[in-house]
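First up is the structure itself, then whatever we jot down about it.
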Amino acid sequence: MRPAIDLGDEGQFAVVRTHYGDDGLWRALLRALDEEYGRYGRPSPDFLLVDDPAWADATPEEVVAAVSGPAANAVFLADAEALTEEKGWPLLTVDVPVPGWEPRPVEETRFRSALDMVYYVDCNLSIANLDFADFADGAGEAPDGVLRFATYYGPDAPQYPDPEQPAFTFTPRPLELP
């Protein structure tokens, strides 16, 4: 039996390691994920990292069955295919079904996300701005089947945050009373 994966109440997402063939590639993926996540002005990723050999060779169904938490939307699996730097670290993104909703067909419950989309997928699912199917469709339209920022939003889409602009500015103004 596999251990439970509790995502808590905060809308945390999980990266679950299911391939244990190369520790160096795993560490490189974590560094790349940390760097990618840091582009958004966050000091460090606030995801749940599941690095437990009990999850070796786990199927997506086994991982999803172990996930709990009211805000669980998706989990990202670091399987053998994900641990390939030249492909952009394509994590297997798996839908966590909403209890009581009709299950989706299996082909609509998973797709591959390059690291530059993990934050976007997590955030948009967390606020229900986009549905899992929106991202799955985007991955399905990608030439290599991997959801990437440029192929989903277009090559001319602005990257956020814009490196030329400060992440946040606030200028207080004097209160004007009538």
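Residues are referred to by chain and number: the chain letter is A, B, ... according to the order shown in the structure tokens, the number counts from 1 in that chain, and ligands are numbered separately from 1 in the order shown.
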Query - Residue neighbourhood A:Arg112, 6 Å, only C-alpha atoms, exclusion window fewer than 5 positions, as a ChimeraX atom specification - result: /A:90-93,146
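Among the residues of stretch 20-146 of chain A, backbone DSSP assigns strand (DSSP E or B) to Leu48, Leu49, Val50, Val67, Ser68, Ala74, Val75, Phe76, Leu77, Ala78, Leu91, Leu92, Thr93, Val94, Asp95, Arg110, Phe111, Arg112, Ser113 and Val146 of chain A.
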Write to file, as a compact mmCIF listing (two decimals), in the first residue's frame, the residues of the selection just made, with C-alpha atoms.
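The resulting file, again38.txt, is shown below:
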```
# COMPACT_ATOMS: atom_id res chain seq x y z
CA LEU A 48 4.62 19.39 -1.59
CA LEU A 49 7.59 17.35 -2.69
CA VAL A 50 7.01 13.61 -2.44
CA VAL A 67 -4.23 12.43 -2.78
CA SER A 68 -6.43 14.20 -0.27
CA ALA A 74 -3.74 18.20 -10.04
CA VAL A 75 -0.54 16.40 -9.22
CA PHE A 76 2.68 16.47 -11.22
CA LEU A 77 4.53 13.18 -11.60
CA ALA A 78 8.28 12.98 -12.12
CA LEU A 91 6.12 16.44 -15.83
CA LEU A 92 3.09 14.19 -16.18
CA THR A 93 0.19 16.35 -15.04
CA VAL A 94 -2.72 14.33 -13.69
CA ASP A 95 -6.20 15.56 -12.87
CA ARG A 110 -3.40 13.68 -18.03
CA PHE A 111 -0.95 15.60 -20.14
CA ARG A 112 2.69 16.67 -20.00
CA SER A 113 3.71 20.12 -18.71
CA VAL A 146 4.04 18.89 -24.09
```
Query raised in the report: Just asking: which residues within stretch 13-166 of chain A are helix (DSSP H, G or I) according to DSSP, as a ChimeraX atom specification?
Result: /A:23-38,53-55,60-66,85-87,106-108,115-126,132-141,149-153
